[in-house]
file data09.cif (mmCIF, C-alpha atoms)
data_protein
#
loop_
_atom_site.group_PDB
_atom_site.id
_atom_site.type_symbol
_atom_site.label_atom_id
_atom_site.label_comp_id
_atom_site.auth_asym_id
_atom_site.auth_seq_id
_atom_site.Cartn_x
_atom_site.Cartn_y
_atom_site.Cartn_z
ATOM 1 C CA MET A 1 209.461 147.597 235.893
ATOM 2 C CA GLY A 2 209.491 151.377 236.272
ATOM 3 C CA GLU A 3 210.420 152.210 232.696
ATOM 4 C CA SER A 4 207.773 149.920 231.180
ATOM 5 C CA MET A 5 205.148 151.356 233.530
ATOM 6 C CA LEU A 6 205.995 154.943 232.522
ATOM 7 C CA VAL A 7 205.965 154.097 228.822
ATOM 8 C CA LEU A 8 202.559 152.387 229.106
ATOM 9 C CA ILE A 9 201.119 155.320 231.067
ATOM 10 C CA ARG A 10 202.163 157.727 228.342
ATOM 11 C CA GLU A 11 201.288 155.591 225.315
ATOM 12 C CA GLY A 12 198.161 154.116 226.872
ATOM 13 C CA PHE A 13 196.871 157.531 227.842
ATOM 14 C CA GLU A 14 197.360 158.881 224.328
ATOM 15 C CA ALA A 15 195.531 155.870 222.885
ATOM 16 C CA SER A 16 192.673 156.269 225.371
ATOM 17 C CA LEU A 17 192.324 159.934 224.446
ATOM 18 C CA ILE A 18 192.123 159.092 220.750
ATOM 19 C CA VAL A 19 189.459 156.479 221.430
ATOM 20 C CA GLY A 20 187.663 158.967 223.672
ATOM 21 C CA ILE A 21 187.490 161.489 220.845
ATOM 22 C CA VAL A 22 185.942 158.899 218.527
ATOM 23 C CA PHE A 23 183.379 157.788 221.123
ATOM 24 C CA GLY A 24 182.579 161.379 222.037
ATOM 25 C CA TYR A 25 181.958 162.330 218.422
ATOM 26 C CA LEU A 26 179.719 159.302 217.826
ATOM 27 C CA ARG A 27 177.715 160.255 220.922
ATOM 28 C CA LYS A 28 177.475 163.835 219.729
ATOM 29 C CA ILE A 29 176.018 162.850 216.358
ATOM 30 C CA GLY A 30 173.730 160.212 217.869
ATOM 31 C CA ARG A 31 175.448 157.118 216.483
ATOM 32 C CA ARG A 32 176.097 155.121 219.646
ATOM 33 C CA ASP A 33 175.088 152.041 217.646
ATOM 34 C CA LEU A 34 178.612 152.133 216.231
ATOM 35 C CA ASP A 35 180.339 151.774 219.607
ATOM 36 C CA GLY A 36 180.705 148.039 218.989
ATOM 37 C CA PRO A 37 182.779 148.382 215.788
ATOM 38 C CA VAL A 38 184.985 150.955 217.518
ATOM 39 C CA TRP A 39 185.711 148.522 220.352
ATOM 40 C CA ALA A 40 186.351 145.790 217.779
ATOM 41 C CA GLY A 41 188.895 148.008 216.036
ATOM 42 C CA VAL A 42 190.606 148.792 219.331
ATOM 43 C CA GLY A 43 190.751 145.104 220.266
ATOM 44 C CA LEU A 44 192.108 144.086 216.860
ATOM 45 C CA ALA A 45 194.822 146.748 217.044
ATOM 46 C CA ALA A 46 195.788 145.569 220.541
ATOM 47 C CA LEU A 47 195.947 141.952 219.333
ATOM 48 C CA ILE A 48 198.184 142.743 216.340
ATOM 49 C CA SER A 49 200.439 144.923 218.502
ATOM 50 C CA THR A 50 200.793 142.052 220.973
ATOM 51 C CA ILE A 51 201.639 139.602 218.190
ATOM 52 C CA PHE A 52 204.201 142.059 216.804
ATOM 53 C CA GLY A 53 205.828 142.353 220.233
ATOM 54 C CA VAL A 54 205.919 138.575 220.752
ATOM 55 C CA VAL A 55 207.428 137.946 217.306
ATOM 56 C CA LEU A 56 210.040 140.654 217.809
ATOM 57 C CA HIS A 57 210.896 139.355 221.268
ATOM 58 C CA ASN A 58 211.253 135.750 220.082
ATOM 59 C CA THR A 59 213.308 136.810 217.065
ATOM 60 C CA VAL A 60 215.777 138.873 219.061
ATOM 61 C CA GLY A 61 215.778 136.314 221.863
ATOM 62 C CA SER A 62 217.078 133.643 219.487
ATOM 63 C CA PHE A 63 220.236 135.630 218.757
ATOM 64 C CA GLU A 64 223.426 134.880 220.638
ATOM 65 C CA GLY A 65 226.771 136.577 221.269
ATOM 66 C CA ASP A 66 227.653 139.619 219.175
ATOM 67 C CA ALA A 67 224.537 139.281 217.016
ATOM 68 C CA ARG A 68 222.359 139.628 220.113
ATOM 69 C CA LEU A 69 224.246 142.693 221.360
ATOM 70 C CA ARG A 70 224.088 144.368 217.944
ATOM 71 C CA ALA A 71 220.372 143.632 217.685
ATOM 72 C CA PHE A 72 219.792 145.145 221.126
ATOM 73 C CA ALA A 73 221.768 148.221 220.072
ATOM 74 C CA VAL A 74 219.646 148.665 216.948
ATOM 75 C CA ILE A 75 216.419 148.266 218.960
ATOM 76 C CA CYS A 76 217.590 150.895 221.453
ATOM 77 C CA PHE A 77 218.496 153.377 218.699
ATOM 78 C CA VAL A 78 215.225 152.842 216.810
ATOM 79 C CA ALA A 79 213.142 153.086 219.990
ATOM 80 C CA ALA A 80 214.915 156.315 220.988
ATOM 81 C CA ALA A 81 214.255 157.813 217.551
ATOM 82 C CA VAL A 82 210.562 156.841 217.645
ATOM 83 C CA LEU A 83 210.194 158.172 221.206
ATOM 84 C CA THR A 84 211.655 161.508 220.150
ATOM 85 C CA TRP A 85 209.413 161.708 217.100
ATOM 86 C CA MET A 86 206.365 160.784 219.169
ATOM 87 C CA VAL A 87 206.947 163.474 221.805
ATOM 88 C CA PHE A 88 207.417 166.273 219.282
ATOM 89 C CA TRP A 89 204.680 165.019 216.962
ATOM 90 C CA MET A 90 202.178 165.135 219.818
ATOM 91 C CA ARG A 91 203.414 168.587 220.767
ATOM 92 C CA ARG A 92 203.052 169.913 217.240
ATOM 93 C CA GLU A 93 199.994 168.109 215.853
ATOM 94 C CA SER A 94 197.768 167.644 218.891
ATOM 95 C CA ARG A 95 195.427 170.481 217.934
ATOM 96 C CA ALA A 96 194.605 168.839 214.607
ATOM 97 C CA ILE A 97 193.968 165.339 215.947
ATOM 98 C CA LYS A 98 190.339 165.922 216.953
ATOM 99 C CA GLY A 99 189.412 167.433 213.578
ATOM 100 C CA GLU A 100 191.214 164.738 211.618
ATOM 101 C CA LEU A 101 189.543 161.936 213.552
ATOM 102 C CA GLU A 102 186.114 163.502 213.125
ATOM 103 C CA GLN A 103 186.715 163.839 209.377
ATOM 104 C CA ARG A 104 187.682 160.175 209.190
ATOM 105 C CA VAL A 105 184.552 159.195 211.095
ATOM 106 C CA ASP A 106 182.417 161.353 208.767
ATOM 107 C CA SER A 107 183.995 159.643 205.739
ATOM 108 C CA ALA A 108 183.345 156.258 207.313
ATOM 109 C CA LEU A 109 179.680 157.143 207.931
ATOM 110 C CA ALA A 110 179.325 158.109 204.289
ATOM 111 C CA SER A 111 180.669 154.770 203.039
ATOM 112 C CA ASP A 112 178.575 151.759 202.039
ATOM 113 C CA ARG A 113 179.989 149.582 204.817
ATOM 114 C CA VAL A 114 179.690 151.930 207.750
ATOM 115 C CA LYS A 115 180.559 149.492 210.546
ATOM 116 C CA THR A 116 183.658 148.184 208.784
ATOM 117 C CA ALA A 117 184.818 151.694 207.972
ATOM 118 C CA VAL A 118 184.377 152.902 211.566
ATOM 119 C CA LEU A 119 186.205 149.811 212.802
ATOM 120 C CA LEU A 120 189.138 150.675 210.537
ATOM 121 C CA VAL A 121 189.228 154.251 211.836
ATOM 122 C CA ALA A 122 189.628 153.045 215.415
ATOM 123 C CA PHE A 123 191.971 150.242 214.370
ATOM 124 C CA LEU A 124 194.441 152.482 212.520
ATOM 125 C CA ALA A 125 194.314 155.183 215.195
ATOM 126 C CA VAL A 126 195.260 152.732 217.958
ATOM 127 C CA LEU A 127 197.599 150.461 215.979
ATOM 128 C CA ARG A 128 200.369 153.065 215.757
ATOM 129 C CA GLU A 129 200.366 153.527 219.513
ATOM 130 C CA GLY A 130 200.343 149.768 220.043
ATOM 131 C CA ILE A 131 203.293 149.033 217.757
ATOM 132 C CA GLU A 132 205.290 151.877 219.307
ATOM 133 C CA THR A 133 204.547 150.466 222.752
ATOM 134 C CA ALA A 134 205.679 146.971 221.737
ATOM 135 C CA LEU A 135 208.952 148.390 220.433
ATOM 136 C CA PHE A 136 209.550 150.386 223.613
ATOM 137 C CA LEU A 137 208.857 147.378 225.826
ATOM 138 C CA ILE A 138 211.351 145.287 223.862
ATOM 139 C CA ALA A 139 213.917 148.038 224.380
ATOM 140 C CA ALA A 140 213.092 148.131 228.098
ATOM 141 C CA ALA A 141 213.529 144.365 228.272
ATOM 142 C CA THR A 142 217.212 144.721 227.339
ATOM 143 C CA SER A 143 217.926 145.713 230.935
ATOM 144 C CA SER A 144 215.006 144.140 232.850
ATOM 145 C CA THR A 145 213.519 140.690 233.181
ATOM 146 C CA GLY A 146 210.499 139.809 231.076
ATOM 147 C CA TRP A 147 208.389 139.492 234.221
ATOM 148 C CA ASP A 148 209.325 143.004 235.412
ATOM 149 C CA VAL A 149 208.450 144.470 232.010
ATOM 150 C CA PHE A 150 205.128 142.569 231.949
ATOM 151 C CA VAL A 151 204.074 143.635 235.454
ATOM 152 C CA GLY A 152 205.188 147.229 234.941
ATOM 153 C CA GLY A 153 203.331 147.359 231.635
ATOM 154 C CA LEU A 154 200.108 146.094 233.199
ATOM 155 C CA ILE A 155 200.320 148.658 236.002
ATOM 156 C CA GLY A 156 201.010 151.457 233.532
ATOM 157 C CA LEU A 157 198.149 150.376 231.272
ATOM 158 C CA ALA A 158 195.747 150.309 234.220
ATOM 159 C CA ILE A 159 196.800 153.822 235.284
ATOM 160 C CA ALA A 160 196.449 155.065 231.697
ATOM 161 C CA ALA A 161 192.946 153.612 231.459
ATOM 162 C CA VAL A 162 191.917 155.363 234.685
ATOM 163 C CA LEU A 163 193.344 158.682 233.472
ATOM 164 C CA GLY A 164 191.607 158.327 230.128
ATOM 165 C CA TYR A 165 188.299 157.555 231.851
ATOM 166 C CA LEU A 166 188.668 160.627 234.075
ATOM 167 C CA VAL A 167 189.096 162.814 231.004
ATOM 168 C CA TYR A 168 186.200 161.187 229.158
ATOM 169 C CA THR A 169 183.825 161.630 232.100
ATOM 170 C CA GLY A 170 184.715 165.280 232.433
ATOM 171 C CA SER A 171 187.055 165.301 235.414
ATOM 172 C CA LYS A 172 188.805 168.664 235.859
ATOM 173 C CA PHE A 173 191.148 167.386 238.564
ATOM 174 C CA LEU A 174 193.736 166.153 236.069
ATOM 175 C CA PRO A 175 196.262 168.926 235.170
ATOM 176 C CA MET A 176 196.782 167.910 231.551
ATOM 177 C CA LYS A 177 199.488 170.365 230.599
ATOM 178 C CA LEU A 178 201.554 169.470 233.656
ATOM 179 C CA PHE A 179 200.977 165.763 233.020
ATOM 180 C CA PHE A 180 202.200 165.939 229.428
ATOM 181 C CA ASN A 181 205.167 168.134 230.314
ATOM 182 C CA ILE A 182 206.324 165.785 233.062
ATOM 183 C CA THR A 183 205.779 162.580 231.101
ATOM 184 C CA GLY A 184 207.328 164.180 228.022
ATOM 185 C CA MET A 185 210.516 164.970 229.929
ATOM 186 C CA ILE A 186 210.566 161.464 231.413
ATOM 187 C CA VAL A 187 210.269 160.018 227.917
ATOM 188 C CA ILE A 188 213.152 162.215 226.724
ATOM 189 C CA VAL A 189 215.344 161.074 229.620
ATOM 190 C CA PHE A 190 214.353 157.487 228.829
ATOM 191 C CA ALA A 191 215.339 158.001 225.170
ATOM 192 C CA ALA A 192 218.722 159.414 226.233
ATOM 193 C CA GLY A 193 219.236 156.307 228.335
ATOM 194 C CA LEU A 194 218.344 154.084 225.377
ATOM 195 C CA LEU A 195 220.976 155.794 223.216
ATOM 196 C CA ALA A 196 223.625 155.401 225.908
ATOM 197 C CA ARG A 197 222.627 151.756 226.357
ATOM 198 C CA GLY A 198 222.894 151.185 222.604
ATOM 199 C CA VAL A 199 226.442 152.520 222.665
ATOM 200 C CA MET A 200 227.196 150.226 225.604
ATOM 201 C CA PHE A 201 225.926 147.184 223.674
ATOM 202 C CA LEU A 202 228.125 148.034 220.683
ATOM 203 C CA GLN A 203 231.133 148.469 222.942
ATOM 204 C CA SER A 204 230.401 145.162 224.661
ATOM 205 C CA THR A 205 230.790 143.088 221.509
ATOM 206 C CA GLU A 206 233.803 140.815 221.205
ATOM 207 C CA THR A 207 234.494 142.244 217.763
ATOM 208 C CA ASN A 208 234.842 145.781 219.201
ATOM 209 C CA ALA A 209 232.101 147.223 217.008
ATOM 210 C CA LEU A 210 232.709 150.560 218.720
ATOM 211 C CA ASN A 211 235.971 151.338 220.486
ATOM 212 C CA SER A 212 236.444 153.977 223.179
ATOM 213 C CA PHE A 213 238.819 156.817 223.955
ATOM 214 C CA ASN A 214 238.102 156.337 227.643
ATOM 215 C CA TRP A 215 236.489 153.189 229.004
ATOM 216 C CA ALA A 216 235.763 154.625 232.453
ATOM 217 C CA VAL A 217 234.851 158.293 232.838
ATOM 218 C CA TYR A 218 234.096 157.417 236.445
ATOM 219 C CA ASP A 219 233.906 154.159 238.357
ATOM 220 C CA VAL A 220 231.504 153.599 241.267
ATOM 221 C CA THR A 221 231.235 149.829 240.934
ATOM 222 C CA SER A 222 232.511 149.595 244.498
ATOM 223 C CA ILE A 223 229.132 150.978 245.632
ATOM 224 C CA ASN A 224 227.023 147.852 245.356
ATOM 225 C CA TRP A 225 223.566 149.475 245.290
ATOM 226 C CA LEU A 226 224.558 151.439 242.162
ATOM 227 C CA THR A 227 225.420 148.332 240.172
ATOM 228 C CA VAL A 228 223.160 146.034 238.155
ATOM 229 C CA ASN A 229 223.338 143.516 240.995
ATOM 230 C CA THR A 230 220.633 145.472 242.855
ATOM 231 C CA GLU A 231 217.083 146.568 242.032
ATOM 232 C CA VAL A 232 218.072 150.237 242.399
ATOM 233 C CA GLY A 233 220.935 149.878 239.936
ATOM 234 C CA ARG A 234 218.784 148.024 237.419
ATOM 235 C CA PHE A 235 216.018 150.618 237.692
ATOM 236 C CA LEU A 236 218.468 153.495 237.162
ATOM 237 C CA GLY A 237 220.008 151.667 234.233
ATOM 238 C CA ALA A 238 216.662 150.962 232.588
ATOM 239 C CA LEU A 239 215.184 154.422 233.057
ATOM 240 C CA LEU A 240 218.210 156.715 232.882
ATOM 241 C CA GLY A 241 220.740 154.613 231.023
ATOM 242 C CA TRP A 242 222.843 154.629 234.186
ATOM 243 C CA ASP A 243 226.146 152.791 234.062
ATOM 244 C CA PRO A 244 228.381 152.675 237.167
ATOM 245 C CA ARG A 245 231.431 152.583 234.872
ATOM 246 C CA PRO A 246 230.529 154.344 231.606
ATOM 247 C CA SER A 247 232.703 155.049 228.618
ATOM 248 C CA ILE A 248 233.210 158.612 227.416
ATOM 249 C CA GLU A 249 231.023 157.841 224.380
ATOM 250 C CA GLN A 250 228.098 156.818 226.573
ATOM 251 C CA VAL A 251 228.319 160.058 228.550
ATOM 252 C CA VAL A 252 228.702 162.228 225.438
ATOM 253 C CA VAL A 253 225.725 160.598 223.720
ATOM 254 C CA TRP A 254 223.540 160.892 226.843
ATOM 255 C CA VAL A 255 224.334 164.570 227.489
ATOM 256 C CA GLY A 256 224.489 165.453 223.774
ATOM 257 C CA TYR A 257 220.952 164.186 223.296
ATOM 258 C CA LEU A 258 219.319 165.219 226.578
ATOM 259 C CA VAL A 259 220.368 168.883 226.678
ATOM 260 C CA PRO A 260 219.288 170.087 223.197
ATOM 261 C CA VAL A 261 216.178 167.884 222.990
ATOM 262 C CA SER A 262 214.995 169.042 226.430
ATOM 263 C CA TYR A 263 215.531 172.651 225.396
ATOM 264 C CA PHE A 264 213.459 172.334 222.222
ATOM 265 C CA PHE A 265 210.744 170.384 224.024
ATOM 266 C CA LEU A 266 210.369 172.896 226.858
ATOM 267 C CA ARG A 267 210.714 175.953 224.634
ATOM 268 C CA LYS A 268 207.369 177.628 224.135
ATOM 269 C CA ASP A 269 206.216 177.717 220.532
ATOM 270 C CA ARG A 270 204.801 181.191 220.013
ATOM 271 C CA ALA A 271 203.339 180.207 216.680
ATOM 272 C CA LEU A 272 200.658 178.191 218.480
ATOM 273 C CA PRO A 273 197.723 180.166 219.912
ATOM 274 C CA GLU A 274 196.581 179.547 223.466
ATOM 275 C CA LEU A 275 193.769 177.056 223.951
ATOM 276 C CA PRO A 276 190.457 178.942 224.199
ATOM 277 C CA ASP A 277 189.011 179.076 227.705
ATOM 278 C CA ALA A 278 185.647 177.998 226.303
ATOM 279 C CA VAL A 279 187.154 174.681 225.226
ATOM 280 C CA VAL A 280 188.949 174.112 228.531
ATOM 281 C CA ALA A 281 185.738 174.846 230.431
ATOM 282 C CA SER A 282 183.606 172.577 228.252
ATOM 283 C CA ASP A 283 181.921 169.577 229.839
ATOM 284 C CA GLU A 284 181.730 167.725 226.528
ATOM 285 C CA PRO A 285 183.958 164.616 226.616
ATOM 286 C CA GLU A 286 185.209 165.136 223.068
ATOM 287 C CA GLU A 287 186.154 168.728 223.856
ATOM 288 C CA LEU A 288 187.923 167.637 227.036
ATOM 289 C CA ALA A 289 189.850 164.984 225.144
ATOM 290 C CA ALA A 290 190.863 167.522 222.501
ATOM 291 C CA ALA A 291 191.891 169.973 225.194
ATOM 292 C CA ALA A 292 193.984 167.285 226.856
ATOM 293 C CA LEU A 293 195.791 166.515 223.632
ATOM 294 C CA ALA A 294 196.250 170.210 222.862
ATOM 295 C CA ALA A 295 197.641 170.925 226.308
ATOM 296 C CA GLU A 296 200.996 169.480 225.302
ATOM 297 C CA ALA A 297 201.392 171.892 222.400
#
call {"tool": "encode", "arguments": {"input": "data09.cif", "output": "structure tokens"}}
result
Amino acid sequence: MGESMLVLIREGFEASLIVGIVFGYLRKIGRRDLDGPVWAGVGLAALISTIFGVVLHNTVGSFEGDARLRAFAVICFVAAAVLTWMVFWMRRESRAIKGELEQRVDSALASDRVKTAVLLVAFLAVLREGIETALFLIAAATSSTGWDVFVGGLIGLAIAAVLGYLVYTGSKFLPMKLFFNITGMIVIVFAAGLLARGVMFLQSTETNALNSFNWAVYDVTSINWLTVNTEVGRFLGALLGWDPRPSIEQVVVWVGYLVPVSYFFLRKDRALPELPDAVVASDEPEELAAAALAAEA
């Protein structure tokens, strides 16, 4: 439940900020009559993302034996790669998001079918986040029950919606930079766990898809609360990739990913200028949303 909740908080918050920028810009230029098409685009993107997740879940769920384990391994590796790309993309490109969205809205307003064009702007902006979320939830489901993933996702989505609303209404009680730094590191740890879990799935196949030089770097299976038989063990396994009896390859992959990726994520990029105080102090919702996105850079 915990890993799906954290993923939905992060992804849902980013989606709500993008939508907030679009709504803020429409309010700024006096086109609140287009709020309806924006909501329609958001709803359509959410629907397609849900369908994508259901189809993927049912497809993978029909596999058995080695095919199922290999499929889970591939999902874990792909999800880890997308998570890593997402964290660094947001860190690098966040300052340009507001301008790009406003340009897309301006182009939509200049088209013959304004409402359809604005709907597509919102749809495409949210669809990427939705598909990523569906993929991450499928990866989380490899170590949790479907019910736990569903409940955790709903809680995370609700929290993300509240956070997005606070930003849109001008709340200054949400430390954006700290929020993105903390959630970014959690996502990186989660991705490291996905990689380690993918290795575990490959090593669990009957065909020995991936052998090991050492099947047990350490063994704490005698401590019951650290095993998958308990909620604590399952939570640690889902979020951190914890294994009470890991192979050397699992440990190497986990550490080999976490250490360098964390370093590059936390390293300050001097090429990026500091966010102007005038923007941070602005009461305009679209400026606040842009500042929130830029805070991760």
call {"tool": "atom_distance", "arguments": {"input": "data09.cif", "atom1": "atom CA of A:Ala45", "atom2": "atom CA of A:Leu119"}}
result
10.1 Å
call {"tool": "residues_around", "arguments": {"input": "data09.cif", "residues": "A:Ala160", "least_positions_apart": "5", "cutoff": "8 Å", "atoms": "only C-alpha atoms", "output": "list in words"}}
result
Leu8, Ile9, Arg10, Gly12, Phe13 and Ser16 of chain A
call {"tool": "residues_around", "arguments": {"input": "data09.cif", "residues": "A:Gly233", "least_positions_apart": "3", "cutoff": "12 Å", "atoms": "all atoms listed in the file", "output": "JSON, numbers by chain"}}
result
{"A": [143, 144, 220, 221, 223, 224, 225, 226, 227, 228, 229, 230, 236, 237, 238, 239, 240, 241, 242, 243, 244, 245]}
call {"tool": "atom_distance", "arguments": {"input": "data09.cif", "atom1": "atom CA of A:Ala125", "atom2": "atom CA of A:Thr59"}}
result
26.5 Å
call {"tool": "closest_residue", "arguments": {"input": "data09.cif", "among": "A:Glu11, A:Leu202, A:Asp106, A:Leu83", "to": "A:Ala71", "atoms": "all atoms listed in the file"}}
result
A:Leu202
call {"tool": "resolve_selection", "arguments": {"input": "data09.cif", "expression": "the PyMOL selection byres ((chain A and resi 213) around 12)", "output": "PDB file with C-alpha atoms, in the frame of the given file"}}
result
ATOM      1  CA  GLN A 203     231.133 148.469 222.942  1.00  0.00           C
ATOM      2  CA  LEU A 210     232.709 150.560 218.720  1.00  0.00           C
ATOM      3  CA  ASN A 211     235.971 151.338 220.486  1.00  0.00           C
ATOM      4  CA  SER A 212     236.444 153.977 223.179  1.00  0.00           C
ATOM      5  CA  ASN A 214     238.102 156.337 227.643  1.00  0.00           C
ATOM      6  CA  TRP A 215     236.489 153.189 229.004  1.00  0.00           C
ATOM      7  CA  ALA A 216     235.763 154.625 232.453  1.00  0.00           C
ATOM      8  CA  VAL A 217     234.851 158.293 232.838  1.00  0.00           C
ATOM      9  CA  PRO A 246     230.529 154.344 231.606  1.00  0.00           C
ATOM     10  CA  SER A 247     232.703 155.049 228.618  1.00  0.00           C
ATOM     11  CA  ILE A 248     233.210 158.612 227.416  1.00  0.00           C
ATOM     12  CA  GLU A 249     231.023 157.841 224.380  1.00  0.00           C
ATOM     13  CA  GLN A 250     228.098 156.818 226.573  1.00  0.00           C
ATOM     14  CA  VAL A 251     228.319 160.058 228.550  1.00  0.00           C
ATOM     15  CA  VAL A 252     228.702 162.228 225.438  1.00  0.00           C
TER      16      VAL A 252
END
call {"tool": "atom_distance", "arguments": {"input": "data09.cif", "atom1": "atom CA of A:Pro37", "atom2": "atom CA of A:Ile51"}}
result
20.9 Å
call {"tool": "closest_residue", "arguments": {"input": "data09.cif", "among": "A:Thr116, A:Ser49, A:Thr84, A:Gln103", "to": "A:Pro260", "atoms": "all atoms listed in the file"}}
result
A:Thr84
call {"tool": "closest_residue", "arguments": {"input": "data09.cif", "among": "A:Phe23, A:Phe72, A:Phe88, A:Phe63", "to": "A:Phe180", "atoms": "only C-alpha atoms"}}
result
A:Phe88
call {"tool": "closest_residue", "arguments": {"input": "data09.cif", "among": "A:Gly198, A:Leu135, A:Ala191, A:Val38", "to": "A:Trp85", "atoms": "all atoms listed in the file"}}
result
A:Ala191
call {"tool": "closest_residue", "arguments": {"input": "data09.cif", "among": "A:Leu124, A:Leu47, A:Ile75, A:Val199", "to": "A:Ala15", "atoms": "all atoms listed in the file"}}
result
A:Leu124
